[in-house]
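J.: Dropping in start_1.tsv, which is TSV, C-alpha atoms:
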```
chain	number	residue	atom	x	y	z
Q	1	MET	CA	19.23	9.41	-31.75
Q	2	LYS	CA	16.39	6.96	-32.18
Q	3	HIS	CA	14.11	6.74	-29.18
Q	4	PRO	CA	13.13	3.21	-28.05
Q	5	HIS	CA	9.49	2.20	-28.18
Q	6	PRO	CA	7.66	2.93	-24.88
Q	7	ALA	CA	6.85	-0.78	-24.47
Q	8	ALA	CA	10.57	-1.58	-24.69
Q	9	MET	CA	11.32	1.03	-22.04
Q	10	LEU	CA	8.78	-0.54	-19.68
Q	11	ALA	CA	10.82	-3.76	-19.82
Q	12	GLN	CA	14.07	-2.00	-18.91
Q	13	ALA	CA	13.66	-2.13	-15.11
Q	14	PRO	CA	11.35	-3.74	-12.53
Q	15	HIS	CA	9.93	-0.47	-11.22
Q	16	ARG	CA	8.87	0.56	-14.73
Q	17	ALA	CA	7.03	-2.70	-15.43
Q	18	ALA	CA	5.13	-2.68	-12.12
Q	19	PHE	CA	4.67	0.97	-11.15
Q	20	LEU	CA	2.89	2.00	-14.36
Q	21	PRO	CA	0.07	-0.58	-14.05
Q	22	GLY	CA	-0.04	0.15	-10.31
Q	23	MET	CA	-0.80	3.80	-11.01
Q	24	LEU	CA	-3.29	2.97	-13.75
Q	25	PHE	CA	-5.20	0.53	-11.53
Q	26	ALA	CA	-5.20	2.96	-8.60
Q	27	ILE	CA	-6.87	5.54	-10.85
Q	28	LEU	CA	-9.21	3.00	-12.48
Q	29	LEU	CA	-10.40	1.51	-9.19
Q	30	LEU	CA	-10.95	4.92	-7.58
Q	31	ALA	CA	-12.90	5.98	-10.68
Q	32	ALA	CA	-15.05	2.85	-10.47
Q	33	TRP	CA	-15.69	3.35	-6.76
Q	34	SER	CA	-16.55	7.02	-7.29
Q	35	ALA	CA	-19.07	5.98	-9.95
Q	36	GLU	CA	-20.53	3.38	-7.57
Q	37	LEU	CA	-20.93	5.95	-4.78
Q	38	THR	CA	-22.50	8.45	-7.17
Q	39	SER	CA	-24.99	5.84	-8.36
Q	40	ARG	CA	-25.88	5.05	-4.74
Q	41	LEU	CA	-26.54	8.71	-3.96
Q	42	LEU	CA	-28.76	8.89	-7.05
Q	43	GLY	CA	-30.61	5.73	-6.03
Q	44	VAL	CA	-29.27	3.63	-8.94
Q	45	HIS	CA	-27.92	0.17	-8.12
Q	46	ALA	CA	-25.99	-1.92	-10.61
Q	47	ALA	CA	-26.43	-5.71	-10.56
Q	48	LEU	CA	-22.95	-7.16	-10.02
Q	49	ALA	CA	-21.76	-10.74	-9.65
Q	50	VAL	CA	-20.02	-9.76	-6.38
Q	51	PRO	CA	-21.59	-7.27	-3.93
Q	52	SER	CA	-19.94	-3.91	-4.54
Q	53	SER	CA	-18.82	-3.34	-0.93
Q	54	LEU	CA	-17.12	-6.76	-0.77
Q	55	ALA	CA	-15.52	-6.28	-4.18
Q	56	HIS	CA	-14.32	-2.85	-3.06
Q	57	GLY	CA	-12.69	-4.37	0.02
Q	58	PHE	CA	-10.81	-6.96	-2.03
Q	59	LEU	CA	-9.74	-4.57	-4.78
Q	60	MET	CA	-8.51	-1.88	-2.40
Q	61	LEU	CA	-6.28	-4.49	-0.72
Q	62	PHE	CA	-5.00	-6.29	-3.83
Q	63	GLY	CA	-5.76	-3.98	-6.75
Q	64	PHE	CA	-2.61	-1.85	-6.78
Q	65	PHE	CA	-0.53	-2.10	-3.58
Q	66	PRO	CA	1.00	-5.47	-4.60
Q	67	LEU	CA	1.97	-4.06	-7.99
Q	68	PHE	CA	3.88	-1.23	-6.34
Q	69	MET	CA	5.42	-3.72	-3.91
Q	70	THR	CA	6.53	-5.87	-6.83
Q	71	GLY	CA	8.40	-2.97	-8.39
Q	72	PHE	CA	9.95	-1.98	-5.07
Q	73	LEU	CA	10.95	-5.48	-3.94
Q	74	PHE	CA	12.46	-6.40	-7.30
Q	75	THR	CA	14.41	-3.11	-7.21
Q	76	ALA	CA	15.45	-2.71	-3.56
Q	77	GLY	CA	15.26	-6.36	-2.48
Q	78	PRO	CA	18.34	-7.52	-4.41
Q	79	ARG	CA	20.30	-4.60	-2.93
Q	80	TRP	CA	19.25	-5.57	0.58
Q	81	LEU	CA	20.31	-9.14	-0.06
Q	82	GLY	CA	23.43	-8.59	-2.16
Q	83	VAL	CA	22.20	-10.71	-5.08
Q	84	GLU	CA	21.48	-10.25	-8.77
Q	85	PRO	CA	17.98	-8.92	-9.51
Q	86	PRO	CA	15.44	-11.21	-11.20
Q	87	GLY	CA	15.55	-11.50	-14.97
Q	88	ARG	CA	13.32	-9.62	-17.38
Q	89	ILE	CA	10.95	-12.55	-17.91
Q	90	VAL	CA	10.22	-12.57	-14.17
Q	91	PHE	CA	10.01	-8.85	-13.44
Q	92	VAL	CA	7.76	-8.32	-16.47
Q	93	GLY	CA	5.85	-11.60	-16.18
Q	94	VAL	CA	4.83	-11.30	-12.52
Q	95	PRO	CA	3.04	-7.93	-12.84
Q	96	ALA	CA	1.65	-9.00	-16.23
Q	97	LEU	CA	-0.08	-11.98	-14.60
Q	98	MET	CA	-1.46	-9.72	-11.86
Q	99	VAL	CA	-2.73	-7.21	-14.42
Q	100	GLY	CA	-4.41	-9.92	-16.50
Q	101	GLY	CA	-5.98	-11.38	-13.36
Q	102	LEU	CA	-7.32	-8.03	-12.22
Q	103	LEU	CA	-8.81	-7.24	-15.63
Q	104	LEU	CA	-10.64	-10.59	-15.68
Q	105	TRP	CA	-11.71	-10.10	-12.04
Q	106	LEU	CA	-13.23	-6.74	-12.91
Q	107	ALA	CA	-14.84	-8.03	-16.11
Q	108	GLY	CA	-16.46	-10.79	-14.07
Q	109	LEU	CA	-18.41	-8.24	-12.03
Q	110	TRP	CA	-20.56	-7.74	-15.15
Q	111	ARG	CA	-19.87	-10.89	-17.16
Q	112	GLY	CA	-20.30	-13.49	-14.44
Q	113	MET	CA	-18.53	-15.35	-11.68
Q	114	ALA	CA	-16.59	-17.65	-14.05
Q	115	TRP	CA	-14.63	-14.64	-15.30
Q	116	THR	CA	-13.91	-13.43	-11.78
Q	117	LEU	CA	-12.74	-16.88	-10.64
Q	118	THR	CA	-10.46	-17.18	-13.68
Q	119	GLY	CA	-9.05	-13.74	-12.95
Q	120	HIS	CA	-8.58	-14.61	-9.30
Q	121	ALA	CA	-6.64	-17.75	-10.22
Q	122	LEU	CA	-4.44	-15.83	-12.66
Q	123	TYR	CA	-3.78	-13.08	-10.13
Q	124	THR	CA	-2.93	-15.66	-7.44
Q	125	LEU	CA	-0.45	-17.24	-9.85
Q	126	GLY	CA	1.26	-13.89	-10.39
Q	127	PHE	CA	1.31	-13.04	-6.69
Q	128	SER	CA	2.71	-16.49	-5.88
Q	129	GLY	CA	5.41	-15.82	-8.46
Q	130	LEU	CA	6.35	-12.68	-6.54
Q	131	ALA	CA	6.58	-14.63	-3.27
Q	132	LEU	CA	8.57	-17.51	-4.77
Q	133	THR	CA	10.97	-15.20	-6.61
Q	134	PHE	CA	11.64	-13.24	-3.45
Q	135	ALA	CA	12.17	-16.54	-1.60
Q	136	CYS	CA	14.80	-17.54	-4.18
Q	137	LEU	CA	16.56	-14.17	-3.78
Q	138	LEU	CA	16.57	-14.66	-0.02
Q	139	LEU	CA	17.95	-18.20	-0.23
Q	140	ALA	CA	20.75	-17.03	-2.54
Q	141	SER	CA	21.74	-14.13	-0.29
Q	142	PRO	CA	25.14	-14.11	1.44
Q	143	GLN	CA	24.11	-11.28	3.76
Q	144	PRO	CA	24.26	-12.10	7.49
Q	145	ASP	CA	21.38	-9.75	8.34
Q	146	ARG	CA	18.30	-10.84	6.39
Q	147	ARG	CA	15.63	-10.11	8.99
Q	148	HIS	CA	13.81	-7.52	6.89
Q	149	ALA	CA	13.71	-9.79	3.86
Q	150	CYS	CA	12.51	-12.71	6.03
Q	151	ALA	CA	9.72	-10.53	7.46
Q	152	VAL	CA	8.66	-9.44	3.98
Q	153	LEU	CA	8.67	-13.03	2.72
Q	154	ALA	CA	6.50	-14.20	5.63
Q	155	ALA	CA	4.08	-11.37	4.85
Q	156	LEU	CA	3.97	-12.36	1.18
Q	157	PHE	CA	3.01	-15.91	2.11
Q	158	CYS	CA	0.23	-14.46	4.30
Q	159	GLY	CA	-0.89	-12.65	1.16
Q	160	VAL	CA	-1.04	-15.99	-0.68
Q	161	LEU	CA	-3.18	-17.40	2.16
Q	162	ALA	CA	-5.43	-14.35	1.89
Q	163	LEU	CA	-5.91	-15.00	-1.82
Q	164	LEU	CA	-6.79	-18.64	-1.12
Q	165	ALA	CA	-9.35	-17.48	1.45
Q	166	GLY	CA	-10.63	-15.08	-1.21
Q	167	ALA	CA	-11.05	-17.96	-3.65
Q	168	TYR	CA	-13.09	-19.86	-1.07
Q	169	TRP	CA	-15.23	-16.77	-0.53
Q	170	LEU	CA	-15.90	-16.38	-4.25
Q	171	ILE	CA	-16.66	-20.06	-4.85
Q	172	PHE	CA	-18.92	-20.65	-1.85
Q	173	GLN	CA	-20.14	-17.06	-1.25
Q	174	ASP	CA	-18.96	-17.43	2.36
Q	175	GLY	CA	-18.90	-14.10	4.21
Q	176	GLN	CA	-16.67	-15.49	6.96
Q	177	ALA	CA	-14.05	-16.38	4.34
Q	178	TRP	CA	-14.18	-12.78	3.10
Q	179	LEU	CA	-13.42	-11.59	6.64
Q	180	TRP	CA	-10.45	-13.95	6.88
Q	181	MET	CA	-9.26	-12.77	3.47
Q	182	ARG	CA	-9.44	-9.17	4.67
Q	183	ASN	CA	-7.67	-9.83	7.98
Q	184	LEU	CA	-4.92	-11.92	6.40
Q	185	ALA	CA	-4.38	-9.35	3.66
Q	186	LEU	CA	-4.51	-6.30	5.93
Q	187	TRP	CA	-2.83	-7.44	9.16
Q	188	GLY	CA	-0.76	-10.36	7.90
Q	189	PHE	CA	0.40	-9.03	4.52
Q	190	LEU	CA	0.07	-5.32	3.77
Q	191	LEU	CA	0.76	-3.72	7.14
Q	192	PRO	CA	3.72	-6.03	7.94
Q	193	VAL	CA	5.33	-5.23	4.57
Q	194	PHE	CA	4.84	-1.50	5.08
Q	195	LEU	CA	6.14	-1.67	8.66
Q	196	THR	CA	9.18	-3.71	7.67
Q	197	VAL	CA	10.13	-1.36	4.85
Q	198	CYS	CA	9.64	1.67	7.11
Q	199	HIS	CA	11.79	0.10	9.84
Q	200	ARG	CA	14.61	-0.43	7.37
Q	201	MET	CA	14.36	2.64	5.16
Q	202	LEU	CA	13.11	5.62	7.20
Q	203	PRO	CA	16.12	5.76	9.58
Q	204	PHE	CA	18.43	5.15	6.57
Q	205	PHE	CA	16.94	7.98	4.51
Q	206	SER	CA	16.87	10.27	7.54
Q	207	ALA	CA	20.56	9.67	8.30
Q	208	ASN	CA	21.39	10.71	4.72
Q	209	ALA	CA	19.33	13.90	4.87
Q	210	LEU	CA	19.45	15.22	8.45
Q	211	PRO	CA	22.59	16.43	10.22
Q	212	GLN	CA	23.68	14.58	13.36
Q	213	TYR	CA	20.95	11.97	12.93
Q	214	GLN	CA	21.54	8.68	14.70
Q	215	PRO	CA	19.64	5.84	12.99
Q	216	TRP	CA	17.45	3.92	15.44
Q	217	ARG	CA	15.92	0.65	14.31
Q	218	PRO	CA	16.42	-2.03	16.99
Q	219	GLY	CA	15.36	-5.57	16.21
Q	220	TRP	CA	12.90	-5.64	19.08
Q	221	LEU	CA	11.01	-2.71	17.52
Q	222	LEU	CA	10.43	-4.57	14.28
Q	223	ALA	CA	9.32	-7.66	16.22
Q	224	ALA	CA	6.96	-5.58	18.38
Q	225	MET	CA	5.34	-3.82	15.43
Q	226	LEU	CA	4.84	-7.04	13.48
Q	227	THR	CA	3.49	-8.82	16.56
Q	228	GLY	CA	1.06	-5.96	17.11
Q	229	SER	CA	-0.20	-6.14	13.52
Q	230	LEU	CA	-0.63	-9.92	13.52
Q	231	GLY	CA	-2.06	-9.90	17.04
Q	232	HIS	CA	-4.70	-7.34	16.12
Q	233	GLY	CA	-5.72	-9.40	13.09
Q	234	LEU	CA	-5.99	-12.64	15.05
Q	235	LEU	CA	-7.95	-11.09	17.92
Q	236	ASP	CA	-10.32	-9.40	15.49
Q	237	GLY	CA	-10.69	-12.60	13.47
Q	238	PHE	CA	-11.74	-14.58	16.53
Q	239	GLY	CA	-13.99	-11.81	17.87
Q	240	LEU	CA	-11.80	-11.10	20.91
Q	241	PRO	CA	-11.13	-7.62	22.35
Q	242	SER	CA	-7.95	-6.09	20.96
Q	243	TRP	CA	-8.03	-2.67	22.62
Q	244	PRO	CA	-5.23	-3.31	25.18
Q	245	LEU	CA	-2.91	-4.36	22.37
Q	246	ASP	CA	-4.11	-1.46	20.19
Q	247	ALA	CA	-3.48	1.06	22.98
Q	248	ALA	CA	0.03	-0.28	23.57
Q	249	LEU	CA	0.78	-0.26	19.85
Q	250	ALA	CA	-0.53	3.30	19.46
Q	251	ALA	CA	1.77	4.45	22.28
Q	252	LEU	CA	4.76	2.62	20.78
Q	253	LEU	CA	4.15	4.04	17.30
Q	254	ALA	CA	3.77	7.57	18.69
Q	255	TYR	CA	7.13	7.12	20.43
Q	256	VAL	CA	8.66	5.89	17.16
Q	257	CYS	CA	7.43	9.04	15.39
Q	258	TRP	CA	9.18	11.15	18.03
Q	259	ARG	CA	12.32	9.00	18.09
Q	260	TRP	CA	12.60	9.08	14.29
Q	261	ARG	CA	12.37	12.92	14.54
Q	262	LEU	CA	9.19	13.64	12.62
Q	263	ALA	CA	9.44	17.42	13.16
Q	264	ALA	CA	13.02	17.60	11.85
Q	265	ALA	CA	12.18	15.40	8.85
Q	266	LEU	CA	9.50	17.83	7.70
Q	267	ARG	CA	12.26	20.34	6.87
Q	268	VAL	CA	13.23	18.05	3.96
Q	269	ARG	CA	10.01	17.59	2.04
Q	270	LEU	CA	10.73	14.28	0.31
Q	271	LEU	CA	11.83	12.77	3.63
Q	272	GLY	CA	8.99	14.44	5.52
Q	273	MET	CA	6.49	12.76	3.21
Q	274	LEU	CA	7.56	9.37	4.58
Q	275	HIS	CA	7.51	10.44	8.22
Q	276	LEU	CA	4.18	12.27	7.98
Q	277	ALA	CA	2.54	9.21	6.43
Q	278	PHE	CA	3.88	7.04	9.26
Q	279	ALA	CA	2.25	9.40	11.79
Q	280	TRP	CA	-1.18	8.05	10.73
Q	281	LEU	CA	-0.43	4.72	12.42
Q	282	PRO	CA	-0.64	5.88	16.07
Q	283	ILE	CA	-3.84	7.72	15.13
Q	284	GLY	CA	-5.35	4.59	13.59
Q	285	PHE	CA	-4.49	2.29	16.47
Q	286	GLY	CA	-5.51	4.97	18.97
Q	287	LEU	CA	-8.95	4.99	17.33
Q	288	TYR	CA	-9.05	1.18	17.49
Q	289	ALA	CA	-8.25	1.34	21.21
Q	290	LEU	CA	-10.97	3.96	21.75
Q	291	ASN	CA	-13.42	1.78	19.86
Q	292	GLY	CA	-12.69	-1.00	22.35
Q	293	TRP	CA	-14.37	1.12	25.02
Q	294	LEU	CA	-17.12	2.73	22.93
Q	295	ALA	CA	-17.91	-0.29	20.70
Q	296	SER	CA	-18.99	1.87	17.76
Q	297	PRO	CA	-19.02	0.28	14.28
Q	298	ARG	CA	-18.47	3.68	12.70
Q	299	LEU	CA	-15.48	4.38	14.96
Q	300	ALA	CA	-14.05	1.03	13.88
Q	301	LEU	CA	-14.43	2.12	10.24
Q	302	ALA	CA	-12.73	5.42	11.06
Q	303	ALA	CA	-9.80	3.50	12.55
Q	304	LEU	CA	-9.66	1.18	9.55
Q	305	HIS	CA	-9.50	4.08	7.11
Q	306	ALA	CA	-6.91	5.90	9.21
Q	307	VAL	CA	-4.65	2.89	8.57
Q	308	THR	CA	-5.64	2.06	4.98
Q	309	VAL	CA	-6.25	5.53	3.53
Q	310	GLY	CA	-4.21	7.65	5.94
Q	311	PHE	CA	-1.14	5.43	6.21
Q	312	PHE	CA	-1.13	3.08	3.21
Q	313	LEU	CA	-2.10	5.54	0.48
Q	314	THR	CA	0.01	8.48	1.64
Q	315	MET	CA	3.02	6.20	2.27
Q	316	MET	CA	2.51	4.69	-1.18
Q	317	ILE	CA	2.64	8.15	-2.74
Q	318	ALA	CA	5.76	9.03	-0.72
Q	319	PHE	CA	7.72	5.84	-1.47
Q	320	VAL	CA	6.72	5.50	-5.13
Q	321	SER	CA	7.52	9.16	-5.77
Q	322	ARG	CA	10.96	8.78	-4.18
Q	323	VAL	CA	11.82	5.58	-6.09
Q	324	THR	CA	10.56	7.05	-9.38
Q	325	LEU	CA	12.57	10.26	-8.99
Q	326	GLY	CA	15.72	8.35	-8.10
Q	327	HIS	CA	15.42	5.77	-10.87
Q	328	SER	CA	14.46	8.25	-13.58
Q	329	GLY	CA	17.58	10.33	-12.98
Q	330	GLN	CA	15.75	13.30	-11.48
Q	331	PRO	CA	16.78	15.19	-8.32
Q	332	LEU	CA	15.58	13.62	-5.07
Q	333	GLN	CA	13.45	16.62	-4.20
Q	334	ALA	CA	9.73	17.12	-3.70
Q	335	GLY	CA	8.84	20.14	-5.77
Q	336	PRO	CA	5.91	22.43	-4.94
Q	337	GLY	CA	3.49	20.48	-7.16
Q	338	LEU	CA	4.26	17.11	-5.58
Q	339	TRP	CA	4.17	18.60	-2.09
Q	340	ARG	CA	0.72	20.12	-2.70
Q	341	LEU	CA	-0.59	16.82	-4.07
Q	342	TYR	CA	0.79	15.01	-1.06
Q	343	LEU	CA	-0.81	17.43	1.42
Q	344	ALA	CA	-4.10	17.12	-0.48
Q	345	ALA	CA	-3.90	13.36	0.06
Q	346	HIS	CA	-3.65	13.93	3.82
Q	347	TRP	CA	-6.64	16.25	3.81
Q	348	LEU	CA	-8.64	13.67	1.88
Q	349	ALA	CA	-7.59	10.94	4.32
Q	350	LEU	CA	-8.71	13.17	7.18
Q	351	THR	CA	-12.00	13.78	5.39
Q	352	ARG	CA	-12.53	10.05	4.91
Q	353	VAL	CA	-11.92	9.36	8.60
Q	354	ALA	CA	-14.17	12.27	9.60
Q	355	THR	CA	-17.09	10.92	7.55
Q	356	GLU	CA	-17.54	8.19	10.16
Q	357	MET	CA	-17.97	10.84	12.88
Q	358	LEU	CA	-20.73	12.79	11.14
Q	359	PRO	CA	-24.48	12.15	10.90
Q	360	GLY	CA	-25.52	9.81	8.09
Q	361	VAL	CA	-27.19	12.56	6.02
Q	362	TRP	CA	-23.82	14.35	5.70
Q	363	SER	CA	-21.44	11.40	5.68
Q	364	GLY	CA	-22.74	9.91	2.42
Q	365	TRP	CA	-22.07	13.07	0.42
Q	366	LEU	CA	-18.75	13.71	2.15
Q	367	TYR	CA	-17.72	10.11	1.49
Q	368	GLY	CA	-18.45	10.59	-2.21
Q	369	ALA	CA	-16.55	13.89	-2.26
Q	370	ALA	CA	-13.53	12.24	-0.63
Q	371	ALA	CA	-13.56	9.42	-3.20
Q	372	ILE	CA	-13.71	11.86	-6.10
Q	373	GLY	CA	-10.98	13.94	-4.45
Q	374	TRP	CA	-8.77	10.86	-4.21
Q	375	LEU	CA	-9.45	10.06	-7.86
Q	376	LEU	CA	-8.39	13.56	-8.95
Q	377	THR	CA	-5.32	13.49	-6.69
Q	378	LEU	CA	-4.12	10.11	-7.96
Q	379	ALA	CA	-4.83	11.14	-11.55
Q	380	ALA	CA	-2.69	14.27	-11.11
Q	381	TRP	CA	0.04	12.20	-9.43
Q	382	GLY	CA	-0.06	9.67	-12.26
Q	383	ARG	CA	0.09	12.40	-14.89
Q	384	ALA	CA	3.24	13.76	-13.24
Q	385	PHE	CA	5.06	10.43	-12.90
Q	386	MET	CA	3.76	7.94	-15.47
Q	387	PRO	CA	5.79	9.37	-18.40
Q	388	SER	CA	8.96	8.53	-16.45
Q	389	TYR	CA	8.23	4.83	-16.96
Q	390	TRP	CA	8.28	4.88	-20.77
Q	391	ARG	CA	11.01	7.49	-21.25
Q	392	ARG	CA	14.76	7.32	-20.91
Q	393	ARG	CA	16.33	8.37	-17.63
Q	394	ALA	CA	16.98	12.11	-17.48
Q	395	ASP	CA	20.66	11.49	-16.66
Q	396	GLY	CA	21.18	9.08	-19.57
Q	397	LYS	CA	22.04	6.12	-17.34
Q	398	PRO	CA	20.56	2.66	-17.96
Q	399	GLY	CA	17.62	1.41	-15.90
```
Turn the structure described in the file into structure tokens.

T.:
Amino acid sequence: MKHPHPAAMLAQAPHRAAFLPGMLFAILLLAAWSAELTSRLLGVHAALAVPSSLAHGFLMLFGFFPLFMTGFLFTAGPRWLGVEPPGRIVFVGVPALMVGGLLLWLAGLWRGMAWTLTGHALYTLGFSGLALTFACLLLASPQPDRRHACAVLAALFCGVLALLAGAYWLIFQDGQAWLWMRNLALWGFLLPVFLTVCHRMLPFFSANALPQYQPWRPGWLLAAMLTGSLGHGLLDGFGLPSWPLDAALAALLAYVCWRWRLAAALRVRLLGMLHLAFAWLPIGFGLYALNGWLASPRLALAALHAVTVGFFLTMMIAFVSRVTLGHSGQPLQAGPGLWRLYLAAHWLALTRVATEMLPGVWSGWLYGAAAIGWLLTLAAWGRAFMPSYWRRRADGKPG
């Protein structure tokens, strides 16, 4: 039987078209950041159109998470809403615009700001396409319960606002606009999407895998978590103390870990990957609350990386691995290799958080080691899963 061209296979399903570039950009951006850190340690500084630390902040927020979200939302979103999935032109075109925008954005770091601005505009167009497509799916839905989709859509529009703030930052070199871009992207877009998907999917997956499991996902919990995320971002944006809210949110999220039966979930590795990633959230907000009393910039960075590296990256690995296994016709099981990679990701997240607690002479080298470790881990993860996106399903089914 003639095998289809890999490019044709990428256009067979939304997760294929978006997950492959997501993995490639995750590896590329970690490689670039590792090279930047190495050059700093060696005393070599490259002249870039955008300061490297600010570019790093933007690219870690928008460089690959939205691509993975595109694949997930175009795959799971129609099922949530009981509608037909978007057509091939959309589910291929949206990530293609993002990819083109990111490539121009990166090229502009060396070629000049005009390239970066063009890339930013192209990326914003693709991201807006994601938001508008999801809005159309939501409007067409006959489902009575659309709260999760509504929450995701609101978060996507916050992402559009973050990109507009990012454009203002790039055009006028306004540092305050960069801060608003970061807060909108982190607390208005990324964390709300992750929290919403976790609220919907973790109890569902757990009920299918654990005996006598009673799903628990009350509406007030979703509202409380989203309010906590947005509230933290607003308070931080206006320079107001957020530690009372952070402490309350840390306590709530710790209770959620217990109520969702973290310990029992770890007996099923693929399920435990989701629950263990979620456990980083009470740690992150606990560190934010502690920073409210100690007022340490380095403790604030530790809290930030507990959320972004500890929660976002490990949850990304857990969700993308699960979706890829299921939609490539493979057993929904985390084999020894995937489990070791996943645990390595947690150790690297812990290392990254710990770098902010150590003296400066040690933290720089440890920071570089953590970045290289993440690069190697994501490269091994990509090597294991990327072929699934250009090959037929193992079970012979379409998709």

J.: For each of Q:Ala345, Q:Pro85, Q:Leu170, Q:Ala334, take the minimum atom-to-atom distance to Leu266 of chain Q, counting all atoms listed in the file, then give the residue where this is smallest.

T.: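 Smallest distance to Leu266 of chain Q is found for Q:Ala334.
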
J.: With all atoms listed in the file as the atoms that count, which of Q:Leu163, Q:Leu67, Q:Met273, Q:Val99 lies nearest to Ser206 of chain Q?

T.: Q:Met273

J.: Could you tell me how far atom CA of Gly119 of chain Q lies from atom CA of Leu102 of chain Q, in Å and to one decimal?

T.: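 For atom CA of Gly119 of chain Q relative to atom CA of Leu102 of chain Q, the distance reads 6.0 Å.
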
J.: Env of segment 31-42 of chain Q: 7 Å cut, atoms = all atoms listed in the file, seq-sep filter 5 positions within chain, self excluded. Answer as a list of chain:residue names.

T.: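 With the cut-off at 7 Å, the set is Q:Gly368, Q:Ala371, Q:Ile372, Q:Leu375.
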
J.: Tell me which protein, DNA and RNA residues are within 8 Å of segment 303-315 of chain Q, counting all atoms listed in the file, leaving out same-chain ones fewer than 4 positions away, and put them as a VMD selection string.

T.: chain Q and resid 194 273 to 274 277 to 281 283 to 288 299 319 342 345 to 346 349 to 350 352 to 353

J.: Choose the residue, out of Q:Ala384, Q:Leu332, Q:Ala154, Q:Val94, that has the smallest atom-to-atom separation from Phe205 of chain Q; count only C-alpha atoms.

T.: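 The closest residue to Phe205 of chain Q is Q:Leu332.
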
J.: Just checking: using only C-alpha atoms, which residue out of Q:Pro6, Q:Pro218, Q:Gly22, Q:Pro95 ends up closest to Pro387 of chain Q?

T.: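 Of the candidates, the smallest distance to Pro387 of chain Q is held by Q:Pro6.
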
J.: Near Gln333 of chain Q, counting all atoms listed in the file, which residues have an atom at most 12 Å away, once you skip same-chain residues fewer than 3 positions from it, shown as an NGL selection string?

T.: :Q and (209 or 267-273 or 318 or 321-326 or 329-330 or 336-339)

J.: In Å, rounded to a single decimal, give me how far atom CA of Cys198 of chain Q is from atom CA of Gly228 of chain Q.

T.: 15.2 Å

J.: Fewer than 4 positions away in the same chain doesn't count, so skip those; otherwise give me all residues within 7 Å of Glu356 of chain Q, counting all atoms listed in the file, as a VMD selection string.

T.: chain Q and resid 298 to 299 301 to 302 363

J.: Atom CA of Phe25 of chain Q and atom CA of Arg392 of chain Q, how far apart in Å?

T.: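 These two atoms are separated by 23.1 Å.
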
J.: Find the spatial neighbours of segment 242-245 of chain Q, counting only C-alpha atoms, within a cut-off of 12 Å - ignore same-chain residues fewer than 6 positions away - and output them as a VMD selection string.

T.: chain Q and resid 224 to 225 227 to 236 251 to 252 284 to 295 300 303

J.: Using all atoms listed in the file, which residue out of Q:Phe238, Q:Tyr367, Q:Trp216, Q:Phe385 lies closest to Val256 of chain Q?

T.: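 Comparing Q:Phe238, Q:Tyr367, Q:Trp216, Q:Phe385 against Val256 of chain Q, the winner is Q:Trp216.
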
J.: When you count only C-alpha atoms, which of these residues is closest to Asp174 of chain Q: Q:Met316, Q:Leu54, Q:Leu20, Q:Ala46?

T.: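 Ranking Q:Met316, Q:Leu54, Q:Leu20, Q:Ala46 by distance to Asp174 of chain Q, first place goes to Q:Leu54.
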
J.: Could you pull out every residue with an atom within 8 Å of (-0.3, -12.7, 2.2), file coordinates, counting all atoms listed in the file, and send them as a PyMOL selection string?

T.: chain Q and resi 154-163+184-185+188-190

J.: Starting from 4 Å padding per side, set up an axis-aligned box that covers all listed atoms of segment 284-296 of chain Q and hand over centre and edge lengths in Å, one decimal, as AutoDock Vina command-line options.

T.:
```
--center_x -11.7 --center_y 2.0 --center_z 19.3 --size_x 22.5 --size_y 14.0 --size_z 19.4
```

J.: Give as a compact mmCIF listing (two decimals) with C-alpha atoms, keeping the file's coordinate frame the set of residues within 12 Å of the point (-12.7, -18.3, -1.1), where distances use the file's coordinates and only C-alpha atoms.

T.:
```txt
# COMPACT_ATOMS: atom_id res chain seq x y z
CA PHE Q 58 -10.81 -6.96 -2.03
CA THR Q 116 -13.91 -13.43 -11.78
CA LEU Q 117 -12.74 -16.88 -10.64
CA HIS Q 120 -8.58 -14.61 -9.30
CA ALA Q 121 -6.64 -17.75 -10.22
CA THR Q 124 -2.93 -15.66 -7.44
CA VAL Q 160 -1.04 -15.99 -0.68
CA LEU Q 161 -3.18 -17.40 2.16
CA ALA Q 162 -5.43 -14.35 1.89
CA LEU Q 163 -5.91 -15.00 -1.82
CA LEU Q 164 -6.79 -18.64 -1.12
CA ALA Q 165 -9.35 -17.48 1.45
CA GLY Q 166 -10.63 -15.08 -1.21
CA ALA Q 167 -11.05 -17.96 -3.65
CA TYR Q 168 -13.09 -19.86 -1.07
CA TRP Q 169 -15.23 -16.77 -0.53
CA LEU Q 170 -15.90 -16.38 -4.25
CA ILE Q 171 -16.66 -20.06 -4.85
CA PHE Q 172 -18.92 -20.65 -1.85
CA GLN Q 173 -20.14 -17.06 -1.25
CA ASP Q 174 -18.96 -17.43 2.36
CA GLY Q 175 -18.90 -14.10 4.21
CA GLN Q 176 -16.67 -15.49 6.96
CA ALA Q 177 -14.05 -16.38 4.34
CA TRP Q 178 -14.18 -12.78 3.10
CA LEU Q 179 -13.42 -11.59 6.64
CA TRP Q 180 -10.45 -13.95 6.88
CA MET Q 181 -9.26 -12.77 3.47
CA ARG Q 182 -9.44 -9.17 4.67
```
